[in-house]
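Enquirer: The structure is given below, and queries will be raised subsequently.
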Amino acid sequence: MTALIGALVGAGVWLVGRGLLRRPVPLLRALREYREAVLPDGEADGDHPADWRHRAERRALRVVEALGFDLGTLGADLRIVGRSPSQHAFAKLAGTLLAAGALAVAGFGARLVGLAPPVWLVGLLVVLGALGGYVGADGALRKKATERRDQFLRALSAYMDLVKILLAGGSHSDGALYQAAAVGSGWVFDELKAAMDWSRVNGRPPSAGFQRLADEIDVPDVEELAATIRLTAEQGASPADALACKAEMLSALELANVRMKADSTTERMSIPTVVVAIAFVMFVGYPALSSLMELL
């Protein structure tokens with residue numbers, strides 16, 4: 001009990017100290033927050049209907065950074081999910097407060113109905129709930145990012161199939177890459193089209209736009225596509241043949257992933273069957289085993 005109280009007091013002192021220390025704010029983030037605070041129509045800051053949410057998210061980000069946590073390590077996951085660091089910080093603090101509050105209410109509610117759990121146990125559950133709520137937001141973000149990357153891979157395979165068809169019809173490699181991105185629909189094709197637009201606006205080859213997109217969302221297949229385009233330009237190989245091979249490789253990879261998921265689902269479906277079989281064997285063999293044990 002004494003050790004738990006000492007740990008909680010020490011954690012509180014550390015949090016207060018971290019909150020009192022001023023941390024330098026990066027210039028780009030300060031400018032972004034300044035632009036978000038200024039409304040385009042010149043209205044007062046509090047007149048915007050969703051402005052309270054933006055202020056709460058910015059304050060949550062300051063609190064998380066004051067505690068010494070850097071959300072920059074989650075940049076690729078946040079980018080592909082479409083969530084800002086301030087929104088994720090707000091989700092982390094909200095999950096912490098909700099989990100801790102729910103366990104605190106459950107613990108003291110149990111005391112009211114006569115179960116009377118120890119106070120130190122309730123405090124420990126509250127602390128564990130707060131940690132679980134804080135870390136659980138990162139786990140949910142990574143799970144969502146993994147799902148989005150799987151969706152991106154499937155859409156990228158379809159995109160490369162469109163590129164292959166356009167190349168077979170006589171289109172130029174750069175034109176085929178742009179037309180295929182413009183024809184498709186969905187957030188993946190929007191990202192690919194934005195990458196191609198960035199390359200055109202900045203006077204860069206398509207490989208630069210795809211490389212920039214791969215660095216932002218951390219999808220290795222996009223980086224491989226950028227490397228393929230760059231190598232064909234540098235080595236003088238046929239872009240049509242290289243992109244066609246890349247399309248076939250992505251199709252084979254997508255098929256392999258589908259088969260792997262199907263095999264995994266089949267294996268999980270066999271677990272209930274095995275459990276039922278073991279229970280049946282125990283049910284049938286228990287009387288004989290019991291009789292044998294009595295004879296011994």
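By convention in this document, the chains of the structure tokens carry letters A, B, ... by their order, each chain's residues are numbered from 1, and ligands are numbered from 1 in the order they are shown.
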Write out as JSON, numbers by chain the residues lying within 9 Å of stretch 208-211 of chain A, counting only C-alpha atoms and excluding same-chain residues fewer than 5 positions away.

Expert: {"A": [192, 194, 195, 196, 197, 198, 199, 200, 216, 222, 223, 224, 225, 226, 227, 230]}

Enquirer: Just to be explicit: take each residue in the selection above, keep C-alpha atoms, and write the result as a CSV table (one decimal), in the first residue's frame.

Expert:
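Result file is again_19.csv:
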```
chain,number,residue,atom,x,y,z
A,192,LEU,CA,-2.1,8.4,-56.7
A,194,ALA,CA,-2.3,13.8,-56.1
A,195,ALA,CA,1.2,12.2,-56.4
A,196,MET,CA,1.1,12.6,-60.2
A,197,ASP,CA,-0.2,16.2,-59.9
A,198,TRP,CA,2.6,17.0,-57.5
A,199,SER,CA,5.1,15.7,-60.0
A,200,ARG,CA,3.7,17.7,-62.8
A,216,GLU,CA,4.4,9.6,-46.3
A,222,VAL,CA,4.6,2.3,-53.9
A,223,GLU,CA,8.3,2.7,-53.2
A,224,GLU,CA,9.1,-0.3,-55.4
A,225,LEU,CA,6.9,1.2,-58.1
A,226,ALA,CA,8.9,4.5,-57.9
A,227,ALA,CA,12.1,2.6,-58.0
A,230,ARG,CA,13.3,5.5,-61.9
```

Enquirer: If you count only C-alpha atoms, which residues fall within 8 Å of stretch 165-179 of chain A, apart from same-chain ones fewer than 2 positions away, as a PyMOL selection string?

Expert: chain A and resi 161-163+181-183+193+196+206+239-240

Enquirer: Please, what distance in Å, to one decimal, runs between atom CA of A:Glu191 and atom CA of A:Glu254?

Expert: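 Distance reported for this atom pair: 19.6 Å.
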
Enquirer: Can you list, as a list of chain:residue names, every protein, DNA or RNA residue that comes within 12 Å of A:Ala130 when you count only C-alpha atoms, leaving out same-chain residues fewer than 6 positions away?

Expert: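 So, after excluding close chain neighbours, the residues are A:Lys92, A:Leu93, A:Ala94, A:Gly95, A:Thr96, A:Leu97, A:Leu98, A:Ala99, A:Ala100, A:Gly101, A:Ala102, A:Leu103, A:Ala104, A:Gly123, A:Leu124, A:Gly136, A:Ala137.
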
Enquirer: List the neighbours of A:Ile217 out to 8 Å using only C-alpha atoms; skip same-chain residues closer than 6 positions along the sequence, and give me the result as JSON, numbers by chain.

Expert: {"A": [76, 77, 79, 80]}

Enquirer: Go ahead and write the selection's residues with C-alpha atoms as a CSV table (one decimal), in the first residue's frame.

Expert:
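Result file is result-v2.csv:
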```csv
chain,number,residue,atom,x,y,z
A,76,ALA,CA,2.9,7.4,-41.4
A,77,ASP,CA,-0.1,5.7,-39.7
A,79,ARG,CA,-1.2,10.1,-42.7
A,80,ILE,CA,-2.7,7.0,-44.2
```

Enquirer: Between atom CA of A:Ala91 and atom CA of A:Val135, what is the distance in Å, rounded to a tenth?

Expert: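 Between these atoms lies a distance of 10.5 Å.
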